[in-house]
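Structure file input12.txt (compact mmCIF, C-alpha atoms) is printed below.
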# COMPACT_ATOMS: atom_id res chain seq x y z
CA MET A 1 26.43 54.24 111.52
CA GLU A 2 24.61 56.40 114.02
CA ALA A 3 25.42 56.34 117.71
CA SER A 4 21.97 54.94 118.53
CA LYS A 5 22.59 52.02 116.15
CA LEU A 6 25.87 51.33 117.94
CA LYS A 7 23.90 51.09 121.18
CA GLN A 8 21.46 48.67 119.59
CA TYR A 9 24.28 46.46 118.30
CA PHE A 10 26.17 46.38 121.59
CA ASP A 11 22.99 45.76 123.58
CA ASN A 12 21.86 42.94 121.26
CA LYS A 13 25.25 41.21 121.54
CA GLY A 14 25.68 41.93 125.26
CA LEU A 15 29.00 43.66 124.60
CA THR A 16 30.61 46.67 126.25
CA LEU A 17 32.45 49.66 124.84
CA GLY A 18 34.98 52.10 126.27
CA SER A 19 37.01 54.96 124.86
CA VAL A 20 40.46 56.45 125.24
CA GLU A 21 40.76 59.93 123.80
CA SER A 22 43.50 62.43 123.24
CA PHE A 23 42.84 65.24 120.72
CA THR A 24 39.06 64.69 120.92
CA GLY A 25 39.18 65.50 124.64
CA GLY A 26 36.22 63.32 125.63
CA LEU A 27 33.99 64.33 122.72
CA PHE A 28 33.32 60.70 121.74
CA ALA A 29 32.32 59.77 125.31
CA SER A 30 30.12 62.86 125.49
CA GLU A 31 28.36 61.98 122.24
CA ILE A 32 27.81 58.36 123.27
CA THR A 33 26.49 59.29 126.70
CA SER A 34 23.99 61.68 125.13
CA ILE A 35 22.12 58.55 123.99
CA SER A 36 19.38 57.53 126.40
CA GLY A 37 20.36 54.26 128.06
CA ALA A 38 24.02 54.42 127.04
CA SER A 39 25.00 52.92 130.40
CA THR A 40 23.77 49.53 129.14
CA PHE A 41 26.86 49.24 126.93
CA PHE A 42 29.25 52.17 127.46
CA LYS A 43 31.40 51.63 130.55
CA GLY A 44 33.41 54.83 130.38
CA GLY A 45 36.18 56.81 128.84
CA VAL A 46 39.63 58.05 129.68
CA VAL A 47 41.07 61.30 128.35
CA THR A 48 44.85 61.11 128.12
CA TYR A 49 45.51 64.45 126.51
CA ALA A 50 49.08 64.78 127.80
CA THR A 51 51.76 62.34 126.70
CA GLU A 52 52.71 61.60 130.31
CA GLU A 53 49.16 60.41 131.00
CA LYS A 54 49.31 57.97 128.10
CA VAL A 55 52.35 56.51 129.85
CA ASN A 56 51.23 56.85 133.48
CA VAL A 57 47.51 56.05 133.24
CA LEU A 58 47.43 53.61 130.32
CA GLY A 59 50.88 52.11 130.71
CA ILE A 60 51.99 52.85 127.16
CA SER A 61 55.71 52.34 126.79
CA LYS A 62 57.77 55.54 126.85
CA ASP A 63 60.01 53.86 124.27
CA LEU A 64 57.03 53.49 121.92
CA VAL A 65 56.19 57.18 122.35
CA ASP A 66 59.83 58.18 121.83
CA THR A 67 60.13 56.01 118.71
CA TYR A 68 56.82 56.68 116.95
CA GLY A 69 55.33 59.71 118.73
CA VAL A 70 51.86 60.07 120.17
CA VAL A 71 50.46 60.93 116.74
CA SER A 72 51.00 57.46 115.30
CA LYS A 73 49.35 54.19 114.38
CA GLU A 74 51.39 52.46 117.06
CA CYS A 75 50.19 54.82 119.78
CA ALA A 76 46.54 54.53 118.69
CA GLU A 77 46.86 50.75 118.80
CA GLN A 78 48.35 50.72 122.29
CA MET A 79 45.80 53.25 123.54
CA ALA A 80 42.94 50.97 122.42
CA ILE A 81 44.55 47.81 123.80
CA GLN A 82 45.55 49.34 127.13
CA GLY A 83 42.22 51.16 127.40
CA SER A 84 40.42 47.83 127.02
CA ARG A 85 42.42 46.51 129.97
CA VAL A 86 41.92 49.60 132.14
CA LEU A 87 38.19 49.87 131.42
CA ASN A 88 37.53 46.10 131.29
CA VAL A 89 35.48 46.31 128.07
CA ASP A 90 34.89 44.07 125.07
CA TYR A 91 35.66 46.87 122.60
CA CYS A 92 37.77 49.96 123.10
CA ILE A 93 38.14 52.84 120.69
CA SER A 94 41.04 55.28 120.78
CA PHE A 95 41.69 58.68 119.25
CA THR A 96 45.07 60.30 118.78
CA GLY A 97 46.12 62.95 116.32
CA ASN A 98 46.80 66.59 115.70
CA ALA A 99 43.83 68.93 115.45
CA GLY A 100 46.08 71.97 115.16
CA PRO A 101 46.76 74.77 114.95
CA THR A 102 50.41 73.83 114.25
CA ALA A 103 52.33 70.74 113.17
CA MET A 104 53.31 68.38 115.98
CA GLU A 105 56.13 65.82 115.96
CA GLY A 106 56.77 66.86 112.36
CA LYS A 107 53.29 65.58 111.44
CA PRO A 108 50.68 67.71 109.70
CA VAL A 109 47.63 69.32 111.23
CA GLY A 110 44.61 67.12 110.63
CA LEU A 111 46.46 63.79 110.81
CA ILE A 112 44.42 61.46 113.01
CA TYR A 113 44.42 57.83 114.05
CA ILE A 114 41.43 55.92 115.38
CA GLY A 115 42.09 52.51 116.93
CA VAL A 116 39.55 49.82 117.76
CA PHE A 117 40.48 46.80 119.86
CA ASP A 118 37.95 43.96 119.91
CA GLY A 119 39.63 41.77 122.50
CA LYS A 120 41.67 39.91 119.89
CA ASN A 121 42.67 42.29 117.11
CA CYS A 122 43.38 45.97 116.89
CA HIS A 123 42.41 47.88 113.77
CA VAL A 124 43.74 51.38 113.15
CA LEU A 125 42.40 53.92 110.68
CA GLU A 126 44.59 56.83 109.52
CA LYS A 127 43.00 59.94 108.04
CA ILE A 128 43.90 63.51 107.25
CA ILE A 129 41.05 65.93 107.86
CA GLU A 130 41.30 69.48 106.61
CA GLY A 131 39.55 72.23 108.51
CA THR A 132 39.47 74.09 111.78
CA ARG A 133 40.44 72.47 115.05
CA ASN A 134 36.85 71.79 116.07
CA PHE A 135 35.93 70.58 112.59
CA VAL A 136 38.75 68.00 112.79
CA ARG A 137 37.56 66.87 116.23
CA ASN A 138 33.90 66.58 115.21
CA GLU A 139 34.66 64.91 111.90
CA ALA A 140 36.83 62.34 113.72
CA ILE A 141 33.81 61.32 115.80
CA LEU A 142 31.68 60.81 112.69
CA ILE A 143 34.45 58.78 111.07
CA ALA A 144 34.75 56.73 114.25
CA TYR A 145 31.05 55.79 114.17
CA GLU A 146 31.46 54.51 110.62
CA PHE A 147 34.74 52.71 111.36
CA LEU A 148 33.36 51.03 114.47
CA GLY A 149 30.12 50.19 112.64
CA THR A 150 32.04 48.54 109.81
CA LEU A 151 34.13 46.47 112.20
CA ILE A 152 31.25 45.23 114.33
CA SER A 153 29.13 44.39 111.26
CA LYS A 154 31.64 41.78 110.06

For the file at hand, write its structure as structure tokens.
Amino acid sequence: MEASKLKQYFDNKGLTLGSVESFTGGLFASEITSISGASTFFKGGVVTYATEEKVNVLGISKDLVDTYGVVSKECAEQMAIQGSRVLNVDYCISFTGNAGPTAMEGKPVGLIYIGVFDGKNCHVLEKIIEGTRNFVRNEAILIAYEFLGTLISK
């Protein structure tokens, strides 16, 4: 699904979207806000690149981070849920992973998690993307459009 189609869907349903990003560093928010009229549905984004900001800004449990790491399904889920609360949105998408250049938390380069919280349920997609750091980041955004599009089309 294209970003402009996401806008159309959210506008037609009167729903709002927010984002919480780590390894993508605000790339999703930047792409969404490049759409004319994005302010009708996109309320904002939070970049919690450092682990401490996931804990301090979003309120993610330090125990969760210590147990599963920031590159995990559990962290992506909590980022989306807590981001929804912080941003006061109907849907919140989160991005956490390792774009490289080296392994992190014993997890491979290219391992990413995208979470989507719809106010009731949180869905998390795990992928491994091979390529350069910026390829991984850009590909994650494209995957996120499709993932979000699939969830909202149900």

Given the point (36.4, 56.6, 129.9) in the file's coordinates, find the residues that have an atom at most 9 Å from it, counting all atoms listed in the file, and give them as a ChimeraX atom specification. /A:18-21,26,29,42-47,83,87

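Of the residues under consideration (A:Ala76, A:Leu148, A:Val109, A:Ile141), A:Leu148 shows the shortest atom-to-atom contact distance to Lys7 of chain A when counting all atoms listed in the file.
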
List the spatial neighbours of Thr40 of chain A as a list in words - criterion: any atom at most 9 Å away, only C-alpha atoms, same-chain residues fewer than 6 positions off excluded.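 So the residues in contact are Lys7, Phe10, Asp11, Gly14 and Thr16 of chain A.
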
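Going from atom CA of Val89 of chain A over to atom CA of Ser153 of chain A, you cover 18.1 Å.
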
What's the 10 Å shell around Leu6 of chain A, counting all atoms listed in the file, without same-chain residues fewer than 4 positions away, as a PyMOL selection string? chain A and resi 1-2+10-12+17+32+38+41+145-146+148-149+152

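Across the structure, atom CA of Lys107 of chain A and atom CA of Leu142 of chain A are spaced 22.2 Å apart.
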
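One distance worth recording is that between atom CA of Arg133 of chain A and atom CA of Val70 of chain A, which is 17.6 Å.
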
Glu126 of chain A environment, 10 Å, all atoms listed in the file, sequence neighbours closer than 3 positions dropped, as a ChimeraX atom specification: /A:72-73,76,96-97,111-115,129

So, counting all atoms listed in the file, which residue among A:Met79, A:Val116, A:Ile35, A:Val136 is closest to Thr51 of chain A? A:Met79

Quick one: of A:Ser39, A:Ser84, A:Asp90, A:Thr102, who's nearest to Lys13 of chain A, counting all atoms listed in the file?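 Among the listed residues, A:Asp90 lies closest to Lys13 of chain A.
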
If you count all atoms listed in the file, the residue of A:Ser36, A:Gln78, A:Thr67, A:Asn121 closest to Lys54 of chain A turns out to be A:Gln78

Test item: residues at most 8 Å from Cys122 of chain A, all atoms listed in the file, excluding those fewer than 3 positions along its chain, as a compact mmCIF listing (two decimals) with C-alpha atoms, keeping the file's coordinate frame:
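As written to disk, out38.txt reads:
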# COMPACT_ATOMS: atom_id res chain seq x y z
CA GLU A 77 46.86 50.75 118.80
CA ALA A 80 42.94 50.97 122.42
CA ILE A 81 44.55 47.81 123.80
CA GLY A 115 42.09 52.51 116.93
CA VAL A 116 39.55 49.82 117.76
CA PHE A 117 40.48 46.80 119.86
CA ASP A 118 37.95 43.96 119.91
CA GLY A 119 39.63 41.77 122.50

For Glu139 of chain A, list every protein, DNA or RNA residue within 10 Å, evaluated using only C-alpha atoms, and leave out those in the same chain fewer than 5 positions away; present the list as a list in words.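 Here the answer would be Ile129, Glu130, Gly131, Asn134 and Ala144 of chain A.
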